[in-house]
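*Asks:* Provided herewith: run.cif, mmCIF, C-alpha atoms and all ligand atoms.
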```cif
data_protein
loop_
_atom_site.group_PDB
_atom_site.id
_atom_site.type_symbol
_atom_site.label_atom_id
_atom_site.label_comp_id
_atom_site.auth_asym_id
_atom_site.auth_seq_id
_atom_site.Cartn_x
_atom_site.Cartn_y
_atom_site.Cartn_z
ATOM 1 C CA MET A 12 -3.316 6.356 22.477
ATOM 2 C CA GLU A 13 -6.568 4.698 23.482
ATOM 3 C CA THR A 14 -7.557 1.288 22.130
ATOM 4 C CA ALA A 15 -10.655 2.695 20.401
ATOM 5 C CA ILE A 16 -8.557 5.200 18.458
ATOM 6 C CA LEU A 17 -6.069 2.544 17.392
ATOM 7 C CA GLU A 18 -8.950 0.349 16.221
ATOM 8 C CA SER A 19 -10.469 3.220 14.263
ATOM 9 C CA LEU A 20 -7.113 3.768 12.575
ATOM 10 C CA TYR A 21 -7.051 0.129 11.475
ATOM 11 C CA HIS A 22 -10.520 0.573 9.969
ATOM 12 C CA TRP A 23 -9.513 3.775 8.230
ATOM 13 C CA PHE A 24 -6.302 2.202 6.929
ATOM 14 C CA GLY A 25 -8.158 -0.778 5.451
ATOM 15 C CA ASP A 26 -10.643 1.485 3.683
ATOM 16 C CA TYR A 27 -7.926 3.872 2.522
ATOM 17 C CA VAL A 28 -5.762 1.137 1.013
ATOM 18 C CA GLN A 29 -8.743 -0.373 -0.791
ATOM 19 C CA THR A 30 -9.199 2.871 -2.713
ATOM 20 C CA PHE A 31 -5.829 2.101 -4.342
ATOM 21 C CA TYR A 32 -6.695 -1.468 -5.340
ATOM 22 C CA SER A 33 -6.203 -1.633 -9.074
ATOM 23 C CA ASP A 34 -6.887 -3.786 -12.122
ATOM 24 C CA ASP A 35 -3.385 -2.865 -13.259
ATOM 25 C CA ALA A 36 -1.338 -6.066 -12.904
ATOM 26 C CA GLU A 37 1.797 -4.043 -12.208
ATOM 27 C CA ILE A 38 0.298 -1.856 -9.491
ATOM 28 C CA GLN A 39 -1.924 -4.238 -7.543
ATOM 29 C CA PRO A 40 0.862 -6.537 -6.214
ATOM 30 C CA LYS A 41 2.803 -3.470 -5.093
ATOM 31 C CA VAL A 42 -0.222 -2.138 -3.213
ATOM 32 C CA LEU A 43 -0.774 -5.517 -1.546
ATOM 33 C CA GLU A 44 2.917 -5.795 -0.673
ATOM 34 C CA LYS A 45 2.860 -2.448 1.125
ATOM 35 C CA GLU A 46 -0.431 -3.227 2.843
ATOM 36 C CA LYS A 47 1.083 -6.426 4.266
ATOM 37 C CA HIS A 48 4.329 -4.632 5.192
ATOM 38 C CA SER A 49 2.373 -1.928 7.055
ATOM 39 C CA LEU A 50 0.410 -4.485 9.090
ATOM 40 C CA ILE A 51 3.539 -6.482 9.931
ATOM 41 C CA VAL A 52 5.485 -3.364 10.942
ATOM 42 C CA ALA A 53 2.576 -2.313 13.165
ATOM 43 C CA GLY A 54 3.004 -5.582 15.072
ATOM 44 C CA LEU A 55 6.784 -5.315 15.190
ATOM 45 C CA ASN A 56 6.628 -1.751 16.467
ATOM 46 C CA ARG A 57 4.193 -2.857 19.190
ATOM 47 C CA ASP A 58 6.531 -5.740 20.139
ATOM 48 C CA LEU A 59 9.585 -3.487 20.265
ATOM 49 C CA ALA A 60 7.766 -0.848 22.349
ATOM 50 C CA ARG A 61 6.637 -3.551 24.762
ATOM 51 C CA SER A 62 10.126 -4.999 25.032
ATOM 52 C CA LEU A 63 11.350 -1.553 26.078
ATOM 53 C CA GLY A 64 8.743 -1.442 28.844
ATOM 54 C CA LEU A 65 6.644 1.375 27.361
ATOM 55 C CA ASP A 66 3.154 1.621 28.862
ATOM 56 C CA ALA A 67 -0.013 0.524 27.078
ATOM 57 C CA ALA A 68 -0.818 3.944 25.626
ATOM 58 C CA GLU A 69 2.670 4.483 24.213
ATOM 59 C CA THR A 70 2.739 0.914 22.891
ATOM 60 C CA GLN A 71 -0.547 1.514 21.039
ATOM 61 C CA LEU A 72 0.821 4.748 19.626
ATOM 62 C CA ALA A 73 3.873 2.798 18.400
ATOM 63 C CA GLU A 74 1.542 0.272 16.756
ATOM 64 C CA ALA A 75 -0.356 3.115 15.042
ATOM 65 C CA ILE A 76 2.902 4.600 13.769
ATOM 66 C CA GLY A 77 3.884 1.207 12.347
ATOM 67 C CA LEU A 78 0.527 0.946 10.602
ATOM 68 C CA CYS A 79 0.728 4.462 9.120
ATOM 69 C CA HIS A 80 4.441 4.846 8.417
ATOM 70 C CA ASP A 81 4.221 3.914 4.720
ATOM 71 C CA VAL A 82 0.838 5.423 3.986
ATOM 72 C CA GLY A 83 2.462 7.595 1.308
ATOM 73 C CA ARG A 84 3.458 4.489 -0.650
ATOM 74 C CA PHE A 85 -0.003 3.832 -2.043
ATOM 75 C CA ARG A 86 -0.419 7.166 -3.811
ATOM 76 C CA GLN A 87 3.269 7.147 -4.756
ATOM 77 C CA VAL A 88 3.051 3.865 -6.636
ATOM 78 C CA THR A 89 -0.323 4.731 -8.161
ATOM 79 C CA VAL A 90 0.810 8.084 -9.519
ATOM 80 C CA TYR A 91 4.482 7.421 -10.274
ATOM 81 C CA ARG A 92 4.470 3.601 -10.656
ATOM 82 C CA THR A 93 7.625 3.323 -8.543
ATOM 83 C CA PHE A 94 8.763 3.100 -4.929
ATOM 84 C CA ARG A 95 11.947 4.991 -5.735
ATOM 85 C CA ASP A 96 11.684 8.286 -3.900
ATOM 86 C CA ARG A 97 14.462 9.783 -6.010
ATOM 87 C CA ASP A 98 12.400 9.242 -9.152
ATOM 88 C CA SER A 99 9.114 10.360 -7.666
ATOM 89 C CA VAL A 100 8.373 11.882 -4.269
ATOM 90 C CA ASP A 101 9.509 11.639 -0.641
ATOM 91 C CA HIS A 102 7.001 9.078 0.610
ATOM 92 C CA GLY A 103 7.500 10.099 4.232
ATOM 93 C CA ARG A 104 6.390 13.625 3.467
ATOM 94 C CA LEU A 105 3.587 12.391 1.201
ATOM 95 C CA GLY A 106 2.425 10.101 3.997
ATOM 96 C CA VAL A 107 1.919 13.030 6.370
ATOM 97 C CA GLU A 108 0.030 14.907 3.636
ATOM 98 C CA GLU A 109 -2.254 11.922 3.109
ATOM 99 C CA LEU A 110 -2.921 11.588 6.842
ATOM 100 C CA LEU A 111 -3.760 15.291 7.066
ATOM 101 C CA ALA A 112 -6.035 15.103 4.032
ATOM 102 C CA ALA A 113 -7.885 12.238 5.719
ATOM 103 C CA GLY A 114 -8.267 14.245 8.928
ATOM 104 C CA ILE A 115 -6.289 11.779 11.020
ATOM 105 C CA ASP A 116 -4.767 14.676 12.961
ATOM 106 C CA GLY A 117 -8.242 15.462 14.298
ATOM 107 C CA ARG A 118 -8.769 11.926 15.610
ATOM 108 C CA LEU A 119 -5.662 11.856 17.796
ATOM 109 C CA GLU A 120 -4.606 13.640 20.949
ATOM 110 C CA PRO A 121 -2.445 16.563 19.737
ATOM 111 C CA ARG A 122 0.693 15.155 21.345
ATOM 112 C CA ASP A 123 0.074 11.732 19.767
ATOM 113 C CA TRP A 124 -0.472 13.309 16.365
ATOM 114 C CA GLU A 125 2.765 15.260 16.779
ATOM 115 C CA ALA A 126 4.710 12.049 17.487
ATOM 116 C CA LEU A 127 3.025 10.094 14.703
ATOM 117 C CA ALA A 128 3.542 12.823 12.109
ATOM 118 C CA PHE A 129 7.204 13.261 13.065
ATOM 119 C CA ALA A 130 7.867 9.509 12.920
ATOM 120 C CA VAL A 131 6.120 9.079 9.555
ATOM 121 C CA ARG A 132 7.769 12.158 8.060
ATOM 122 C CA TRP A 133 11.314 11.043 8.852
ATOM 123 C CA HIS A 134 11.111 7.250 8.871
ATOM 124 C CA ASN A 135 12.746 7.028 5.439
ATOM 125 C CA ALA A 136 15.265 9.869 5.748
ATOM 126 C CA ALA A 137 19.000 9.208 5.638
ATOM 127 C CA ALA A 138 19.200 11.031 8.972
ATOM 128 C CA VAL A 139 16.538 12.407 11.314
ATOM 129 C CA PRO A 140 16.780 16.102 12.224
ATOM 130 C CA GLY A 141 17.807 16.759 15.812
ATOM 131 C CA GLN A 142 14.784 16.436 18.073
ATOM 132 C CA PRO A 143 14.850 17.888 21.599
ATOM 133 C CA ASP A 144 11.547 16.179 22.504
ATOM 134 C CA ALA A 145 12.682 12.760 23.778
ATOM 135 C CA ARG A 146 9.280 11.176 23.132
ATOM 136 C CA LEU A 147 9.273 12.209 19.475
ATOM 137 C CA ALA A 148 12.861 11.049 19.071
ATOM 138 C CA LEU A 149 12.017 7.685 20.649
ATOM 139 C CA HIS A 150 9.065 6.950 18.364
ATOM 140 C CA SER A 151 11.130 7.948 15.361
ATOM 141 C CA LYS A 152 13.827 5.469 16.429
ATOM 142 C CA LEU A 153 11.317 2.647 16.904
ATOM 143 C CA ILE A 154 9.842 2.863 13.420
ATOM 144 C CA ARG A 155 13.211 3.217 11.709
ATOM 145 C CA ASP A 156 14.274 -0.067 13.328
ATOM 146 C CA THR A 157 11.159 -2.142 12.700
ATOM 147 C CA ASP A 158 10.829 -0.882 9.125
ATOM 148 C CA LYS A 159 14.356 -2.109 8.350
ATOM 149 C CA LEU A 160 13.606 -5.421 10.030
ATOM 150 C CA ASP A 161 10.632 -6.100 7.785
ATOM 151 C CA ILE A 162 12.335 -4.812 4.628
ATOM 152 C CA CYS A 163 14.750 -7.723 5.108
ATOM 153 C CA ARG A 164 11.731 -10.059 4.785
ATOM 154 C CA VAL A 165 10.355 -8.209 1.750
ATOM 155 C CA LEU A 166 13.678 -8.056 -0.106
ATOM 156 C CA PRO A 167 15.605 -11.304 0.433
ATOM 157 C CA PRO A 168 19.056 -11.287 -1.162
ATOM 158 C CA SER A 169 19.583 -12.608 -4.672
ATOM 159 C CA PRO A 170 22.308 -15.240 -5.310
ATOM 160 C CA PRO A 171 25.915 -13.996 -5.528
ATOM 161 C CA ALA A 172 26.356 -12.032 -8.747
ATOM 162 C CA ASP A 173 28.685 -9.345 -10.006
ATOM 163 C CA GLY A 174 30.735 -8.615 -6.875
ATOM 164 C CA CYS A 175 30.709 -5.746 -4.396
ATOM 165 C CA SER A 176 32.377 -2.413 -5.058
ATOM 166 C CA PRO A 177 35.721 -2.374 -3.201
ATOM 167 C CA GLY A 178 35.037 1.125 -1.914
ATOM 168 C CA LEU A 179 31.847 -0.081 -0.247
ATOM 169 C CA GLU A 180 33.588 -3.096 1.261
ATOM 170 C CA ASN A 181 36.094 -0.749 2.890
ATOM 171 C CA GLU A 182 33.353 1.530 4.174
ATOM 172 C CA PHE A 183 31.604 -1.491 5.645
ATOM 173 C CA LEU A 184 34.777 -2.703 7.347
ATOM 174 C CA ALA A 185 35.132 0.766 8.879
ATOM 175 C CA GLY A 186 31.709 0.242 10.454
ATOM 176 C CA ASN A 187 29.942 2.905 8.420
ATOM 177 C CA LEU A 188 26.306 2.971 7.368
ATOM 178 C CA LEU A 189 26.009 2.611 3.586
ATOM 179 C CA TYR A 190 23.305 4.180 1.430
ATOM 180 C CA TYR A 191 21.182 3.071 -1.514
ATOM 181 C CA GLU A 192 22.720 5.932 -3.469
ATOM 182 C CA ASP A 193 26.098 4.157 -3.227
ATOM 183 C CA ILE A 194 24.856 0.969 -4.902
ATOM 184 C CA LYS A 195 26.699 0.217 -8.162
ATOM 185 C CA THR A 196 26.362 -3.572 -8.409
ATOM 186 C CA THR A 197 23.700 -6.153 -7.602
ATOM 187 C CA ASP A 198 25.753 -7.380 -4.668
ATOM 188 C CA ASP A 199 26.260 -3.886 -3.237
ATOM 189 C CA ARG A 200 22.630 -3.900 -2.059
ATOM 190 C CA LYS A 201 23.471 -6.772 0.308
ATOM 191 C CA LEU A 202 26.291 -4.798 1.907
ATOM 192 C CA VAL A 203 24.015 -1.791 2.279
ATOM 193 C CA MET A 204 21.428 -3.905 4.090
ATOM 194 C CA LEU A 205 24.077 -5.538 6.290
ATOM 195 C CA SER A 206 25.356 -2.076 7.210
ATOM 196 C CA TRP A 207 21.949 -1.328 8.760
ATOM 197 C CA LEU A 208 23.329 -3.279 11.714
ATOM 198 C CA PHE A 209 25.531 -0.273 12.458
ATOM 199 C CA ASP A 210 22.571 2.102 12.363
ATOM 200 C CA VAL A 211 19.809 0.337 14.293
ATOM 201 C CA ASN A 212 18.841 1.961 17.554
ATOM 202 C CA PHE A 213 17.976 -0.994 19.787
ATOM 203 C CA PRO A 214 19.730 -4.312 20.564
ATOM 204 C CA TRP A 215 16.247 -5.909 20.264
ATOM 205 C CA THR A 216 16.404 -5.201 16.544
ATOM 206 C CA ILE A 217 19.885 -6.672 16.194
ATOM 207 C CA ARG A 218 18.690 -9.830 17.941
ATOM 208 C CA GLU A 219 15.607 -10.052 15.701
ATOM 209 C CA LEU A 220 17.651 -9.521 12.525
ATOM 210 C CA ALA A 221 19.895 -12.392 13.574
ATOM 211 C CA ALA A 222 17.144 -14.678 14.924
ATOM 212 C CA ARG A 223 15.103 -14.369 11.731
ATOM 213 C CA GLY A 224 18.155 -15.416 9.703
ATOM 214 C CA HIS A 225 18.475 -12.112 7.841
ATOM 215 C CA ILE A 226 22.145 -11.638 8.731
ATOM 216 C CA ASP A 227 23.163 -15.149 7.693
ATOM 217 C CA ARG A 228 21.161 -14.949 4.463
ATOM 218 C CA LEU A 229 22.855 -11.687 3.502
ATOM 219 C CA LEU A 230 26.325 -12.974 4.357
ATOM 220 C CA ASP A 231 25.757 -16.238 2.472
ATOM 221 C CA ALA A 232 24.630 -14.293 -0.605
ATOM 222 C CA LEU A 233 27.814 -12.213 -0.783
ATOM 223 C CA PRO A 234 30.180 -13.245 -3.603
ATOM 224 C CA PRO A 235 33.685 -14.482 -2.800
ATOM 225 C CA SER A 236 36.156 -11.626 -2.508
ATOM 226 C CA ALA A 237 39.388 -10.778 -0.744
ATOM 227 C CA ALA A 238 37.391 -8.771 1.797
ATOM 228 C CA LEU A 239 34.734 -11.400 2.527
ATOM 229 C CA PRO A 240 36.494 -13.110 5.474
ATOM 230 C CA ALA A 241 37.038 -9.728 7.116
ATOM 231 C CA ILE A 242 33.392 -8.786 6.489
ATOM 232 C CA ARG A 243 32.262 -12.000 8.177
ATOM 233 C CA ARG A 244 34.570 -11.337 11.148
ATOM 234 C CA LYS A 245 33.320 -7.759 11.409
ATOM 235 C CA VAL A 246 29.691 -8.930 11.576
ATOM 236 C CA ALA A 247 30.442 -11.717 14.065
ATOM 237 C CA LEU A 248 32.296 -9.313 16.342
ATOM 238 C CA PHE A 249 29.529 -6.716 16.078
ATOM 239 C CA LEU A 250 26.888 -9.274 17.019
ATOM 240 C CA ALA A 251 28.968 -10.597 19.918
ATOM 241 C CA GLU A 252 29.406 -7.072 21.266
ATOM 242 C CA ASN A 253 25.925 -5.702 20.694
ATOM 243 C CA ALA A 254 23.205 -8.350 20.514
ATOM 244 C CA SER A 255 23.181 -9.019 24.238
ATOM 245 C CA ARG A 256 23.278 -5.369 25.302
ATOM 246 C CA GLN A 257 20.372 -4.162 27.407
ATOM 247 C CA ASP A 258 17.879 -2.041 25.455
HETATM 248 FE FE FE A 301 8.722 3.685 4.074
#
```
The structure given in the file should be rewritten as C-alpha cells.

*Replies:*
Amino acid sequence: METAILESLYHWFGDYVQTFYSDDAEIQPKVLEKEKHSLIVAGLNRDLARSLGLDAAETQLAEAIGLCHDVGRFRQVTVYRTFRDRDSVDHGRLGVEELLAAGIDGRLEPRDWEALAFAVRWHNAAAVPGQPDARLALHSKLIRDTDKLDICRVLPPSPPADGCSPGLENEFLAGNLLYYEDIKTTDDRKLVMLSWLFDVNFPWTIRELAARGHIDRLLDALPPSAALPAIRRKVALFLAENASRQD
C-alpha cells in the first residue's frame, strides 16, 4: 500500500468516526474509546509488521488494517448500544460492510483490499477459516495479535473477586485457549485473557504482553485458590519457552 493511500484512509477514518460522535453520554465515551483503540492498534500492527521484516508497502497495509479492523464498532454501539456481538451483530462482518459502503474497496489495489477485508472480517472470530493464501493468513494473524495486546490496555483486571471456575482453571493448566462464552465469574475473565498467551501468533506479542506488565497485572489480580501456584508456574514456563523464540 502506498503512503498516499494510507494517509487518505486516516482522513476517511477521522471523518467517518466523527459522524458517530453523539450527545448521548453513554455512547460518546464508547465511540472515543474505540477511536483511540483503532489508532493505537494501527501503530502496533505497523510495529509488529516491521519487526517481522515486512517491506514498506506490506507494513503500511498492516497499519491500514489496524486502523480499520474495528470500524464496525461505531455503528454497532450506535444502533445496539453494546459491544457484545452475541447481543447485537458480528462487528467484523459489519466492518467490511461499512468499508464497502464507503467505497474503500475502490481506493485500494485489489490484492490489498482482499487482505484488508479478510483481516477485518475475521479479526474477532474464535477461529479463522483455513486460508491457502499465505499473505492473507499473515495479515489476519497480525491483527489478531495486536488487537489482543491493546485490549489488555483497555480492560485492565479488576481486584480479586468471586474466584475462578475450577473447570476453567483446569483448561488453562492444560494450555487451552479459553473463550468469553465460558466466563461465569468476574475472575474468569482474567483467566480468559491470560489464555490468549496460548493463542498469539508471534513471540513479539508475547514479549510485548509481558513488557507492558499485562501478564503480571492479570496474575496479581487472580484470587487465591488451590490452582493458583500451578497457574503461575504454567505462565512462567510458557514465557521462558516462548518469549525469546525468533518470530
Ligand atoms: Fe474488534

*Asks:* How would you report the residues lying within 8 Å of ligand FE 301 (chain A), as a list in words, if you count only C-alpha atoms and all ligand atoms?

*Replies:* His80, Asp81, Gly83, Arg84, His102, Gly103, His134, Asn135 and Asp158 of chain A

*Asks:* What does the distance between atom CA of Thr93 of chain A and atom CA of Ser49 of chain A come to in Å, to one decimal place?

*Replies:* 17.3 Å

*Asks:* Measuring atom to atom with all atoms listed in the file, identify which of A:Asp173, A:Ala232, A:Val88, A:Ile16 is nearest to Gly117 of chain A.

*Replies:*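 So, comparing all the options, the nearest one is A:Ile16.
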
*Asks:* Using only C-alpha atoms, which of A:Glu125, A:Arg92, A:Ala185, A:Pro143 sits nearest Gln39 of chain A?

*Replies:*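 The answer is A:Arg92, which sits nearest to Gln39 of chain A.
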
*Asks:* Quick check on the file I pasted: which residues fall under the PyMOL selection byres (((chain A and resi 203-212) around 9) and not hetatm)? Write them as a ChimeraX atom specification.

*Replies:* /A:152-153,155-156,159,163,179,183,186-191,193-194,199-202,213-217,220,225-226,229-230,246,249-250,258

*Asks:* As a short mmCIF file (atom, residue, chain, number, x, y, z; two decimals), in the coordinates of the input, please: segment 89-124 of chain A completed to N, CA and C atoms.

*Replies:*
```
data_model
loop_
_atom_site.label_atom_id
_atom_site.label_comp_id
_atom_site.auth_asym_id
_atom_site.auth_seq_id
_atom_site.Cartn_x
_atom_site.Cartn_y
_atom_site.Cartn_z
N THR A 89 0.79 4.55 -7.24
CA THR A 89 -0.32 4.73 -8.16
C THR A 89 -0.02 5.85 -9.16
N VAL A 90 0.55 6.93 -8.65
CA VAL A 90 0.81 8.08 -9.52
C VAL A 90 2.10 7.91 -10.32
N TYR A 91 3.15 7.44 -9.63
CA TYR A 91 4.48 7.42 -10.27
C TYR A 91 4.92 6.02 -10.70
N ARG A 92 4.19 4.99 -10.30
CA ARG A 92 4.47 3.60 -10.66
C ARG A 92 5.84 3.14 -10.17
N THR A 93 6.33 3.71 -9.09
CA THR A 93 7.62 3.32 -8.54
C THR A 93 7.63 3.58 -7.04
N PHE A 94 8.51 2.83 -6.35
CA PHE A 94 8.76 3.10 -4.93
C PHE A 94 10.07 3.88 -4.75
N ARG A 95 10.68 4.25 -5.85
CA ARG A 95 11.95 4.99 -5.74
C ARG A 95 11.66 6.46 -5.48
N ASP A 96 11.96 6.89 -4.26
CA ASP A 96 11.68 8.29 -3.90
C ASP A 96 12.42 9.26 -4.82
N ARG A 97 13.65 8.88 -5.18
CA ARG A 97 14.46 9.78 -6.01
C ARG A 97 13.79 10.08 -7.35
N ASP A 98 13.04 9.09 -7.85
CA ASP A 98 12.40 9.24 -9.15
C ASP A 98 10.97 9.75 -9.04
N SER A 99 10.52 10.00 -7.80
CA SER A 99 9.11 10.36 -7.67
C SER A 99 8.92 11.42 -6.58
N VAL A 100 8.75 10.98 -5.35
CA VAL A 100 8.37 11.88 -4.27
C VAL A 100 8.88 11.28 -2.95
N ASP A 101 9.12 12.11 -1.98
CA ASP A 101 9.51 11.64 -0.64
C ASP A 101 8.26 11.04 0.01
N HIS A 102 8.26 9.71 0.17
CA HIS A 102 7.00 9.08 0.61
C HIS A 102 6.73 9.29 2.10
N GLY A 103 7.76 9.73 2.85
CA GLY A 103 7.50 10.10 4.23
C GLY A 103 6.69 11.38 4.30
N ARG A 104 7.12 12.35 3.51
CA ARG A 104 6.39 13.62 3.47
C ARG A 104 4.98 13.44 2.90
N LEU A 105 4.90 12.64 1.81
CA LEU A 105 3.59 12.39 1.20
C LEU A 105 2.66 11.69 2.19
N GLY A 106 3.23 10.81 3.01
CA GLY A 106 2.42 10.10 4.00
C GLY A 106 1.76 11.07 4.97
N VAL A 107 2.51 12.04 5.45
CA VAL A 107 1.92 13.03 6.37
C VAL A 107 0.82 13.82 5.66
N GLU A 108 1.06 14.17 4.40
CA GLU A 108 0.03 14.91 3.64
C GLU A 108 -1.25 14.08 3.50
N GLU A 109 -1.08 12.80 3.25
CA GLU A 109 -2.25 11.92 3.11
C GLU A 109 -3.02 11.82 4.43
N LEU A 110 -2.28 11.69 5.52
CA LEU A 110 -2.92 11.59 6.84
C LEU A 110 -3.69 12.87 7.16
N LEU A 111 -3.08 14.01 6.83
CA LEU A 111 -3.76 15.29 7.07
C LEU A 111 -5.01 15.40 6.20
N ALA A 112 -4.89 15.01 4.94
CA ALA A 112 -6.04 15.10 4.03
C ALA A 112 -7.19 14.24 4.52
N ALA A 113 -6.84 13.14 5.21
CA ALA A 113 -7.88 12.24 5.72
C ALA A 113 -8.40 12.68 7.09
N GLY A 114 -7.81 13.74 7.63
CA GLY A 114 -8.27 14.24 8.93
C GLY A 114 -7.82 13.41 10.11
N ILE A 115 -6.76 12.63 9.93
CA ILE A 115 -6.29 11.78 11.02
C ILE A 115 -5.78 12.62 12.19
N ASP A 116 -5.25 13.81 11.87
CA ASP A 116 -4.77 14.68 12.96
C ASP A 116 -5.89 15.00 13.94
N GLY A 117 -7.12 15.12 13.43
CA GLY A 117 -8.24 15.46 14.30
C GLY A 117 -8.73 14.30 15.16
N ARG A 118 -8.32 13.09 14.83
CA ARG A 118 -8.77 11.93 15.61
C ARG A 118 -7.88 11.65 16.81
N LEU A 119 -6.65 12.19 16.77
CA LEU A 119 -5.66 11.86 17.80
C LEU A 119 -5.51 12.98 18.81
N GLU A 120 -5.06 12.63 20.01
CA GLU A 120 -4.61 13.64 20.95
C GLU A 120 -3.51 14.43 20.25
N PRO A 121 -3.46 15.76 20.43
CA PRO A 121 -2.44 16.56 19.74
C PRO A 121 -1.03 16.03 19.93
N ARG A 122 -0.70 15.60 21.13
CA ARG A 122 0.69 15.16 21.34
C ARG A 122 0.95 13.81 20.67
N ASP A 123 -0.09 12.98 20.51
CA ASP A 123 0.07 11.73 19.77
C ASP A 123 0.22 12.00 18.27
N TRP A 124 -0.59 12.95 17.78
CA TRP A 124 -0.47 13.31 16.36
C TRP A 124 0.93 13.85 16.07
#
```
